[in-house]
Number of protein chains: 2
Amino acid sequence: MVEKNSYIYEIDQQDLDFSQHATISSMVNVQLQTAGRDANRNGFGVGELNEKNYTWVLTRFSMAFERRAVRGESYEITTWIEDINRVTSSRNFSTTIGGIAVGDAASQWCMLDLTTRTAVDLSKLGQYRQNFVIPDRSPLPRMRKIRDIEPHRTMTREVWYSDIDFNGHVNTMRYIDMMFNMLSRDVIADVTRFKFDLQFQHECYVGEVLTVGVEDVDDGYIFAISRESGEVAVRGAFYTAY
Amino acid sequence: MVEKNSYIYEIDQQDLDFSQHATISSMVNVQLQTAGRDANRNGFGVGELNEKNYTWVLTRFSMAFERRAVRGESYEITTWIEDINRVTSSRNFSTTIGGIAVGDAASQWCMLDLTTRTAVDLSKLGQYRQNFVIPDRSPLPRMRKIRDIEPHRTMTREVWYSDIDFNGHVNTMRYIDMMFNMLSRDVIADVTRFKFDLQFQHECYVGEVLTVGVEDVDDGYIFAISRESGEVAVRGAFYTAY
């Protein structure tokens, strides 16, 4: 019988921003680290996949937290695979700090063939993976498509070496940084309860010039990161009045 | 009797770059995390200092490694305080991977009063800190001042929210990223044995525009990161033929 596994992370001082709270990107990072550790434990981590020249790629991510963490705290993150279909695998997370539930997250992944850079049909990888499925839904609302924006502010910047991860494309946390760099420090310092959604549509590579746009809405901010062609690579939505 | 303490870190996939090797900034980061953990253990970590509105600030850093780490490896980092004088404290590090020595690092810190943003006289903080000193030198050469450069290439960029750490100034790893973003991907992919030195002269804050310059030299690269006033904030030197 498969069980939900839990992982513990101490807050590192590198996770804190000027307001002495964990950055949203560091809070996403520990969820993604958890996904990686749990996949490794189940024998389908990136290390194993790379032998076939496959890798996991995040396509959607959603999290809702009561608050950000502070110095001296530890997260305990429990994770399970809710579903595996032909194209995507869904993994959920619930996080406690000091035994108190502080947030939930949900993620959707596809498997990328690094040779062709196209999605792998997960149904062809054998049925044994279904043994790891625990069909418990996350309390988060189902992820809906984040809409197009009419940006109130934009910023343009090149993709550098430090933005690129082991998969050869821009790292998720760097996209998140690009989004939060568009907000005022007062907005960021005041964040308590929040919801943050991310959707990935295209990979971006070193040397590209990206445009980050933000639209202010009543309950938060909606982001789009676009390539020089104008196509949207990543969408984000940050709700501070969730 | 005080002893040298050791700390273990697994390589996280976020530490890897496109070449599947740990970035230099992630390798510096684990040394600095080690400094933080050991200072906490000895009762003079940033958490305790912040109660007095003091913090540790890195002023010089030097590391020489035989190679970069790869996926699946763990660092074991042993650290000790070599010296505490009136203005600075020196902390050394030696790192093994799988029991084999792979590198050394040395660091120099001063204590900053966050109210006045000036250095605290360490001799006034009581003699008990001297109990933690183990006067063993690092095998690294003494850190010498990194010289002025005649840059072959420069890049200008603004300091954003994501560059700023809990101390309210640009984070060390972001300065390192700025430097390595000036090098070609071929240079970075080929790095094995290296030496990397950093010297901090001024703090930089959000909203400033920094200029990163690099001079190519026979055995590596010398960097200077300057503020709009022209004063150099951070110097770096990366030797690939060390």
# chains A, B, ... in the order shown; residues from 1 in each chain; ligands from 1
call {"tool": "interface_residues", "arguments": {"of": "chain A", "to": "chain B", "cutoff": "7 Å", "atoms": "only C-alpha atoms", "output": "list of chain:residue names"}}
result
A:Gln14, A:Leu16, A:Asp17, A:Phe18, A:Ser19, A:Gln20, A:Trp160, A:Tyr161, A:Ser162, A:Ile164, A:Asp165, A:Phe166, A:Asn167, A:Gly168, A:Asp177, A:Asn181
call {"tool": "residues_around", "arguments": {"residues": "A:Arg147", "least_positions_apart": "4", "cutoff": "12 Å", "atoms": "only C-alpha atoms", "output": "list in words"}}
result
Met143, Pro151, Asp197, Leu198, Gln199, Val214, Glu215, Tyr221, Ile222, Phe223, Ala224, Val232, Val234, Arg235, Gly236 and Ala237 of chain A
call {"tool": "write_last_selection", "arguments": {"atoms": "N, CA, C and O atoms", "output": "tab-separated table (two decimals), in the first residue's frame"}}
result
chain	number	residue	atom	x	y	z
A	143	MET	N	-6.91	24.14	-11.33
A	143	MET	CA	-6.20	25.21	-12.02
A	143	MET	C	-6.91	25.56	-13.33
A	143	MET	O	-7.14	24.68	-14.15
A	151	PRO	N	-1.03	44.85	-19.87
A	151	PRO	CA	-0.06	45.21	-18.83
A	151	PRO	C	-0.07	46.69	-18.46
A	151	PRO	O	-0.16	47.56	-19.31
A	197	ASP	N	-0.34	31.26	-8.78
A	197	ASP	CA	-0.48	30.26	-9.84
A	197	ASP	C	0.53	30.53	-10.95
A	197	ASP	O	0.80	31.69	-11.28
A	198	LEU	N	1.02	29.47	-11.55
A	198	LEU	CA	1.98	29.56	-12.64
A	198	LEU	C	1.58	28.60	-13.75
A	198	LEU	O	1.18	27.46	-13.46
A	199	GLN	N	1.72	29.05	-15.00
A	199	GLN	CA	1.48	28.15	-16.14
A	199	GLN	C	2.57	28.35	-17.18
A	199	GLN	O	2.89	29.49	-17.54
A	214	VAL	N	2.84	43.11	-16.20
A	214	VAL	CA	1.96	42.89	-15.04
A	214	VAL	C	0.71	43.76	-15.19
A	214	VAL	O	0.81	44.92	-15.58
A	215	GLU	N	-0.43	43.17	-14.92
A	215	GLU	CA	-1.69	43.91	-14.84
A	215	GLU	C	-2.16	43.89	-13.39
A	215	GLU	O	-2.26	42.83	-12.77
A	221	TYR	N	-2.41	40.57	-8.84
A	221	TYR	CA	-1.61	40.90	-10.00
A	221	TYR	C	-1.58	39.71	-10.96
A	221	TYR	O	-1.45	38.58	-10.51
A	222	ILE	N	-1.68	40.00	-12.26
A	222	ILE	CA	-1.58	38.94	-13.26
A	222	ILE	C	-0.38	39.26	-14.14
A	222	ILE	O	-0.17	40.41	-14.54
A	223	PHE	N	0.42	38.23	-14.42
A	223	PHE	CA	1.68	38.40	-15.13
A	223	PHE	C	1.69	37.62	-16.44
A	223	PHE	O	1.10	36.54	-16.53
A	224	ALA	N	2.45	38.13	-17.41
A	224	ALA	CA	2.77	37.36	-18.61
A	224	ALA	C	4.22	37.64	-18.97
A	224	ALA	O	4.65	38.80	-18.99
A	232	VAL	N	3.49	34.11	-25.51
A	232	VAL	CA	3.64	34.08	-24.06
A	232	VAL	C	4.31	32.77	-23.66
A	232	VAL	O	3.87	31.68	-24.06
A	234	VAL	N	5.29	32.15	-20.17
A	234	VAL	CA	4.85	31.82	-18.82
A	234	VAL	C	3.80	32.83	-18.37
A	234	VAL	O	3.96	34.03	-18.60
A	235	ARG	N	2.75	32.32	-17.72
A	235	ARG	CA	1.74	33.18	-17.12
A	235	ARG	C	1.75	32.97	-15.61
A	235	ARG	O	2.02	31.87	-15.14
A	236	GLY	N	1.43	34.04	-14.88
A	236	GLY	CA	1.37	33.94	-13.43
A	236	GLY	C	0.23	34.77	-12.87
A	236	GLY	O	-0.22	35.72	-13.52
A	237	ALA	N	-0.27	34.40	-11.70
A	237	ALA	CA	-1.30	35.19	-11.03
A	237	ALA	C	-1.03	35.13	-9.53
A	237	ALA	O	-0.84	34.05	-8.97
call {"tool": "select_by_dssp", "arguments": {"residues": "stretch 52-160 of chain B", "states": "helix (DSSP H, G or I)", "output": "VMD selection string"}}
result
chain B and resid 122 to 125 127 to 132
call {"tool": "write_last_selection", "arguments": {"atoms": "all heavy atoms", "output": "mmCIF file, in the first residue's frame"}}
result
data_model
loop_
_atom_site.group_PDB
_atom_site.id
_atom_site.type_symbol
_atom_site.label_atom_id
_atom_site.label_comp_id
_atom_site.auth_asym_id
_atom_site.auth_seq_id
_atom_site.Cartn_x
_atom_site.Cartn_y
_atom_site.Cartn_z
ATOM 1 N N LEU B 122 34.747 44.380 17.471
ATOM 2 C CA LEU B 122 34.542 43.019 17.988
ATOM 3 C C LEU B 122 35.190 42.814 19.352
ATOM 4 O O LEU B 122 34.768 41.944 20.120
ATOM 5 C CB LEU B 122 35.091 41.987 16.992
ATOM 6 C CG LEU B 122 34.395 41.935 15.623
ATOM 7 C CD1 LEU B 122 35.136 40.977 14.690
ATOM 8 C CD2 LEU B 122 32.945 41.498 15.772
ATOM 9 N N SER B 123 36.196 43.632 19.669
ATOM 10 C CA SER B 123 36.895 43.459 20.953
ATOM 11 C C SER B 123 35.998 43.871 22.125
ATOM 12 O O SER B 123 36.238 43.496 23.264
ATOM 13 C CB SER B 123 38.192 44.276 20.970
ATOM 14 O OG SER B 123 37.898 45.658 20.933
ATOM 15 N N LYS B 124 34.946 44.638 21.824
ATOM 16 C CA LYS B 124 34.049 45.084 22.901
ATOM 17 C C LYS B 124 32.958 44.061 23.205
ATOM 18 O O LYS B 124 32.108 44.302 24.068
ATOM 19 C CB LYS B 124 33.392 46.413 22.510
ATOM 20 C CG LYS B 124 34.395 47.552 22.413
ATOM 21 C CD LYS B 124 33.721 48.904 22.354
ATOM 22 C CE LYS B 124 34.767 50.025 22.338
ATOM 23 N NZ LYS B 124 34.289 51.185 21.584
ATOM 24 N N LEU B 125 32.936 42.977 22.454
ATOM 25 C CA LEU B 125 31.836 42.023 22.599
ATOM 26 C C LEU B 125 32.150 40.920 23.609
ATOM 27 O O LEU B 125 31.419 39.952 23.738
ATOM 28 C CB LEU B 125 31.493 41.407 21.243
ATOM 29 C CG LEU B 125 30.945 42.421 20.231
ATOM 30 C CD1 LEU B 125 30.839 41.777 18.860
ATOM 31 C CD2 LEU B 125 29.593 42.968 20.673
ATOM 32 N N GLN B 127 35.354 38.564 25.776
ATOM 33 C CA GLN B 127 36.467 37.678 25.436
ATOM 34 C C GLN B 127 36.018 36.251 25.142
ATOM 35 O O GLN B 127 36.772 35.473 24.585
ATOM 36 C CB GLN B 127 37.485 37.662 26.584
ATOM 37 C CG GLN B 127 38.375 38.892 26.572
ATOM 38 C CD GLN B 127 39.101 39.063 25.249
ATOM 39 O OE1 GLN B 127 39.831 38.197 24.808
ATOM 40 N NE2 GLN B 127 38.882 40.197 24.584
ATOM 41 N N TYR B 128 34.773 35.880 25.513
ATOM 42 C CA TYR B 128 34.394 34.470 25.412
ATOM 43 C C TYR B 128 34.460 33.971 23.972
ATOM 44 O O TYR B 128 34.667 32.790 23.727
ATOM 45 C CB TYR B 128 33.014 34.221 26.013
ATOM 46 C CG TYR B 128 31.872 34.524 25.102
ATOM 47 C CD1 TYR B 128 31.259 33.495 24.383
ATOM 48 C CD2 TYR B 128 31.416 35.838 24.925
ATOM 49 C CE1 TYR B 128 30.204 33.772 23.526
ATOM 50 C CE2 TYR B 128 30.380 36.112 24.081
ATOM 51 C CZ TYR B 128 29.770 35.087 23.377
ATOM 52 O OH TYR B 128 28.746 35.363 22.526
ATOM 53 N N ARG B 129 34.308 34.906 23.002
ATOM 54 C CA ARG B 129 34.369 34.483 21.609
ATOM 55 C C ARG B 129 35.741 33.893 21.255
ATOM 56 O O ARG B 129 35.850 33.072 20.366
ATOM 57 C CB ARG B 129 34.100 35.652 20.663
ATOM 58 C CG ARG B 129 32.633 35.954 20.548
ATOM 59 C CD ARG B 129 32.395 37.330 19.988
ATOM 60 N NE ARG B 129 31.106 37.802 20.491
ATOM 61 C CZ ARG B 129 29.945 37.510 19.925
ATOM 62 N NH1 ARG B 129 29.924 36.818 18.815
ATOM 63 N NH2 ARG B 129 28.824 37.928 20.434
ATOM 64 N N GLN B 130 36.783 34.380 21.951
ATOM 65 C CA GLN B 130 38.133 33.873 21.675
ATOM 66 C C GLN B 130 38.216 32.365 21.965
ATOM 67 O O GLN B 130 39.086 31.679 21.448
ATOM 68 C CB GLN B 130 39.183 34.622 22.518
ATOM 69 C CG GLN B 130 39.319 36.111 22.167
ATOM 70 C CD GLN B 130 39.878 36.369 20.777
ATOM 71 O OE1 GLN B 130 40.482 35.485 20.162
ATOM 72 N NE2 GLN B 130 39.655 37.575 20.251
ATOM 73 N N ASN B 131 37.296 31.859 22.798
ATOM 74 C CA ASN B 131 37.297 30.422 23.095
ATOM 75 C C ASN B 131 37.015 29.579 21.860
ATOM 76 O O ASN B 131 37.278 28.382 21.857
ATOM 77 C CB ASN B 131 36.226 30.101 24.149
ATOM 78 C CG ASN B 131 36.507 30.786 25.462
ATOM 79 O OD1 ASN B 131 37.658 31.172 25.721
ATOM 80 N ND2 ASN B 131 35.480 30.969 26.275
ATOM 81 N N PHE B 132 36.442 30.191 20.823
ATOM 82 C CA PHE B 132 36.074 29.430 19.633
ATOM 83 C C PHE B 132 37.177 29.433 18.574
ATOM 84 O O PHE B 132 37.027 28.833 17.525
ATOM 85 C CB PHE B 132 34.774 29.971 19.035
ATOM 86 C CG PHE B 132 33.594 29.769 19.940
ATOM 87 C CD1 PHE B 132 33.111 30.798 20.722
ATOM 88 C CD2 PHE B 132 32.994 28.520 20.023
ATOM 89 C CE1 PHE B 132 32.033 30.607 21.574
ATOM 90 C CE2 PHE B 132 31.913 28.308 20.873
ATOM 91 C CZ PHE B 132 31.435 29.356 21.648
#
call {"tool": "residues_around", "arguments": {"residues": "A:Val102", "least_positions_apart": "3", "cutoff": "6 Å", "atoms": "only C-alpha atoms", "output": "mmCIF file with all heavy atoms, in the first residue's frame"}}
result
data_model
loop_
_atom_site.group_PDB
_atom_site.id
_atom_site.type_symbol
_atom_site.label_atom_id
_atom_site.label_comp_id
_atom_site.auth_asym_id
_atom_site.auth_seq_id
_atom_site.Cartn_x
_atom_site.Cartn_y
_atom_site.Cartn_z
ATOM 1 N N PHE A 65 -1.210 29.834 0.596
ATOM 2 C CA PHE A 65 -0.622 29.771 1.935
ATOM 3 C C PHE A 65 -1.259 30.827 2.837
ATOM 4 O O PHE A 65 -1.695 31.876 2.366
ATOM 5 C CB PHE A 65 0.903 29.991 1.858
ATOM 6 C CG PHE A 65 1.675 28.704 1.743
ATOM 7 C CD1 PHE A 65 1.614 27.948 0.583
ATOM 8 C CD2 PHE A 65 2.452 28.233 2.800
ATOM 9 C CE1 PHE A 65 2.309 26.743 0.476
ATOM 10 C CE2 PHE A 65 3.148 27.033 2.705
ATOM 11 C CZ PHE A 65 3.071 26.281 1.550
ATOM 12 N N GLU A 66 -1.294 30.501 4.118
ATOM 13 C CA GLU A 66 -1.825 31.443 5.112
ATOM 14 C C GLU A 66 -0.855 32.582 5.382
ATOM 15 O O GLU A 66 -1.239 33.667 5.796
ATOM 16 C CB GLU A 66 -2.114 30.723 6.441
ATOM 17 C CG GLU A 66 -3.245 29.704 6.352
ATOM 18 C CD GLU A 66 -4.555 30.366 5.985
ATOM 19 O OE1 GLU A 66 -4.856 31.449 6.516
ATOM 20 O OE2 GLU A 66 -5.266 29.792 5.128
ATOM 21 N N THR A 95 1.569 21.542 3.480
ATOM 22 C CA THR A 95 2.701 22.015 4.271
ATOM 23 C C THR A 95 2.245 22.431 5.659
ATOM 24 O O THR A 95 1.236 23.120 5.807
ATOM 25 C CB THR A 95 3.369 23.220 3.577
ATOM 26 O OG1 THR A 95 3.824 22.805 2.288
ATOM 27 C CG2 THR A 95 4.560 23.749 4.374
ATOM 28 N N THR A 96 3.020 21.987 6.658
ATOM 29 C CA THR A 96 2.797 22.452 8.033
ATOM 30 C C THR A 96 4.076 23.120 8.532
ATOM 31 O O THR A 96 5.179 22.824 8.066
ATOM 32 C CB THR A 96 2.435 21.288 8.987
ATOM 33 O OG1 THR A 96 3.525 20.358 9.015
ATOM 34 C CG2 THR A 96 1.170 20.567 8.542
#
call {"tool": "atom_distance", "arguments": {"atom1": "atom CA of B:Ile24", "atom2": "atom CA of B:Ile8"}}
result
17.7 Å
call {"tool": "select_by_dssp", "arguments": {"residues": "stretch 22-150 of chain A", "states": "strand (DSSP E or B)", "output": "number ranges by chain"}}
result
A: 22, 54-65, 70, 74-84, 89-97, 100-113, 118-119, 133
call {"tool": "atom_distance", "arguments": {"atom1": "atom CA of B:Thr192", "atom2": "atom CA of B:Arg67"}}
result
4.4 Å
call {"tool": "closest_residue", "arguments": {"among": "B:His202, B:Lys195, B:Arg86, B:Arg144", "to": "B:Thr240", "atoms": "only C-alpha atoms"}}
result
B:Lys195
call {"tool": "atom_distance", "arguments": {"atom1": "atom CA of B:Ile77", "atom2": "atom CA of B:Tyr9"}}
result
8.1 Å
call {"tool": "closest_residue", "arguments": {"among": "B:Val30, B:Ala119, B:Ala39, B:Leu112", "to": "B:Tyr75", "atoms": "only C-alpha atoms"}}
result
B:Val30
call {"tool": "residues_around", "arguments": {"residues": "B:Asp38", "least_positions_apart": "5", "cutoff": "8 Å", "atoms": "only C-alpha atoms", "output": "MDAnalysis selection string"}}
result
chainID B and resid 5 45 79
call {"tool": "write_last_selection", "arguments": {"atoms": "all heavy atoms", "output": "short mmCIF file (atom, residue, chain, number, x, y, z; two decimals), in the first residue's frame"}}
result
data_model
loop_
_atom_site.label_atom_id
_atom_site.label_comp_id
_atom_site.auth_asym_id
_atom_site.auth_seq_id
_atom_site.Cartn_x
_atom_site.Cartn_y
_atom_site.Cartn_z
N ASN B 5 33.82 21.75 13.52
CA ASN B 5 32.55 21.09 13.26
C ASN B 5 32.38 20.83 11.76
O ASN B 5 32.89 21.58 10.93
CB ASN B 5 31.39 21.96 13.75
CG ASN B 5 31.43 22.12 15.26
OD1 ASN B 5 31.71 21.17 15.98
ND2 ASN B 5 31.18 23.34 15.72
N GLY B 45 25.10 33.57 15.96
CA GLY B 45 24.52 33.60 14.62
C GLY B 45 23.75 34.89 14.40
O GLY B 45 23.55 35.69 15.31
N THR B 79 34.50 23.36 9.33
CA THR B 79 34.75 24.80 9.46
C THR B 79 35.30 25.14 10.84
O THR B 79 35.03 24.44 11.83
CB THR B 79 33.46 25.60 9.18
OG1 THR B 79 33.77 27.00 9.16
CG2 THR B 79 32.39 25.34 10.24
#
call {"tool": "decode", "arguments": {"residues": "stretch 4-100 of chain A", "atoms": "C-alpha atoms", "output": "CSV table (one decimal), in the first residue's frame"}}
result
chain,number,residue,atom,x,y,z
A,4,LYS,CA,2.1,9.9,1.4
A,5,ASN,CA,5.6,10.8,2.2
A,6,SER,CA,6.8,13.8,4.2
A,7,TYR,CA,10.0,15.8,4.0
A,8,ILE,CA,11.4,18.5,6.3
A,9,TYR,CA,13.2,21.7,5.3
A,10,GLU,CA,14.8,24.3,7.6
A,11,ILE,CA,14.4,27.9,6.5
A,12,ASP,CA,17.8,29.0,5.3
A,13,GLN,CA,18.7,32.7,5.7
A,14,GLN,CA,19.2,32.8,1.9
A,15,ASP,CA,15.4,32.2,1.7
A,16,LEU,CA,14.6,35.5,3.4
A,17,ASP,CA,13.9,38.8,1.7
A,18,PHE,CA,14.4,42.3,3.0
A,19,SER,CA,11.2,42.0,5.1
A,20,GLN,CA,12.7,38.9,6.9
A,21,HIS,CA,10.0,36.6,5.4
A,22,ALA,CA,10.7,33.7,3.0
A,23,THR,CA,10.4,34.8,-0.6
A,24,ILE,CA,7.6,33.2,-2.7
A,25,SER,CA,10.2,31.7,-5.0
A,26,SER,CA,11.9,30.0,-2.1
A,27,MET,CA,8.5,28.6,-1.0
A,28,VAL,CA,7.9,27.3,-4.5
A,29,ASN,CA,11.4,25.9,-4.5
A,30,VAL,CA,10.9,23.7,-1.5
A,31,GLN,CA,7.7,22.2,-3.0
A,32,LEU,CA,9.6,21.4,-6.2
A,33,GLN,CA,12.5,20.0,-4.2
A,34,THR,CA,10.0,17.8,-2.5
A,35,ALA,CA,8.6,16.6,-5.8
A,36,GLY,CA,12.2,15.7,-6.9
A,37,ARG,CA,13.0,13.9,-3.6
A,38,ASP,CA,9.8,11.9,-3.7
A,39,ALA,CA,10.2,11.0,-7.4
A,40,ASN,CA,13.8,9.8,-6.6
A,41,ARG,CA,12.5,7.7,-3.8
A,42,ASN,CA,9.9,6.1,-6.1
A,43,GLY,CA,12.6,5.4,-8.8
A,44,PHE,CA,11.4,7.9,-11.4
A,45,GLY,CA,13.5,10.9,-10.5
A,46,VAL,CA,15.3,13.1,-12.9
A,47,GLY,CA,18.5,11.1,-12.4
A,48,GLU,CA,17.0,7.9,-13.6
A,49,LEU,CA,15.1,9.6,-16.4
A,50,ASN,CA,18.2,11.3,-17.7
A,51,GLU,CA,19.7,7.9,-18.5
A,52,LYS,CA,16.9,7.7,-21.2
A,53,ASN,CA,17.4,11.3,-22.0
A,54,TYR,CA,14.0,12.2,-20.5
A,55,THR,CA,13.3,14.7,-17.8
A,56,TRP,CA,10.3,16.0,-15.8
A,57,VAL,CA,9.1,19.5,-16.8
A,58,LEU,CA,6.6,21.5,-14.7
A,59,THR,CA,3.6,22.7,-16.7
A,60,ARG,CA,1.3,24.1,-14.0
A,61,PHE,CA,1.7,25.0,-10.4
A,62,SER,CA,-0.7,26.5,-7.8
A,63,MET,CA,-0.2,27.3,-4.1
A,64,ALA,CA,-2.2,28.9,-1.4
A,65,PHE,CA,-0.6,29.8,1.9
A,66,GLU,CA,-1.8,31.4,5.1
A,67,ARG,CA,1.5,33.3,5.5
A,68,ARG,CA,5.2,33.3,4.6
A,69,ALA,CA,7.7,31.5,6.8
A,70,VAL,CA,10.3,33.3,9.0
A,71,ARG,CA,13.8,32.6,10.4
A,72,GLY,CA,14.1,29.5,12.6
A,73,GLU,CA,11.0,27.8,11.2
A,74,SER,CA,10.9,24.5,9.4
A,75,TYR,CA,8.5,23.3,6.8
A,76,GLU,CA,7.1,19.7,6.8
A,77,ILE,CA,5.8,19.0,3.3
A,78,THR,CA,3.6,15.9,2.6
A,79,THR,CA,3.3,14.9,-1.0
A,80,TRP,CA,1.5,12.4,-3.2
A,81,ILE,CA,0.7,11.7,-6.9
A,82,GLU,CA,-3.0,12.3,-7.4
A,83,ASP,CA,-3.2,11.2,-11.0
A,84,ILE,CA,-1.1,10.0,-14.0
A,85,ASN,CA,-2.7,10.2,-17.4
A,86,ARG,CA,-1.2,9.9,-20.9
A,87,VAL,CA,0.3,13.4,-21.0
A,88,THR,CA,0.5,14.7,-17.5
A,89,SER,CA,1.2,13.6,-13.9
A,90,SER,CA,-0.4,15.6,-11.0
A,91,ARG,CA,1.3,15.9,-7.7
A,92,ASN,CA,-0.1,17.6,-4.5
A,93,PHE,CA,1.6,19.0,-1.4
A,94,SER,CA,0.4,20.0,2.0
A,95,THR,CA,2.7,22.0,4.3
A,96,THR,CA,2.8,22.5,8.0
A,97,ILE,CA,5.0,24.6,10.2
A,98,GLY,CA,5.3,23.5,13.8
A,99,GLY,CA,2.5,21.1,13.3
A,100,ILE,CA,0.1,23.7,12.0
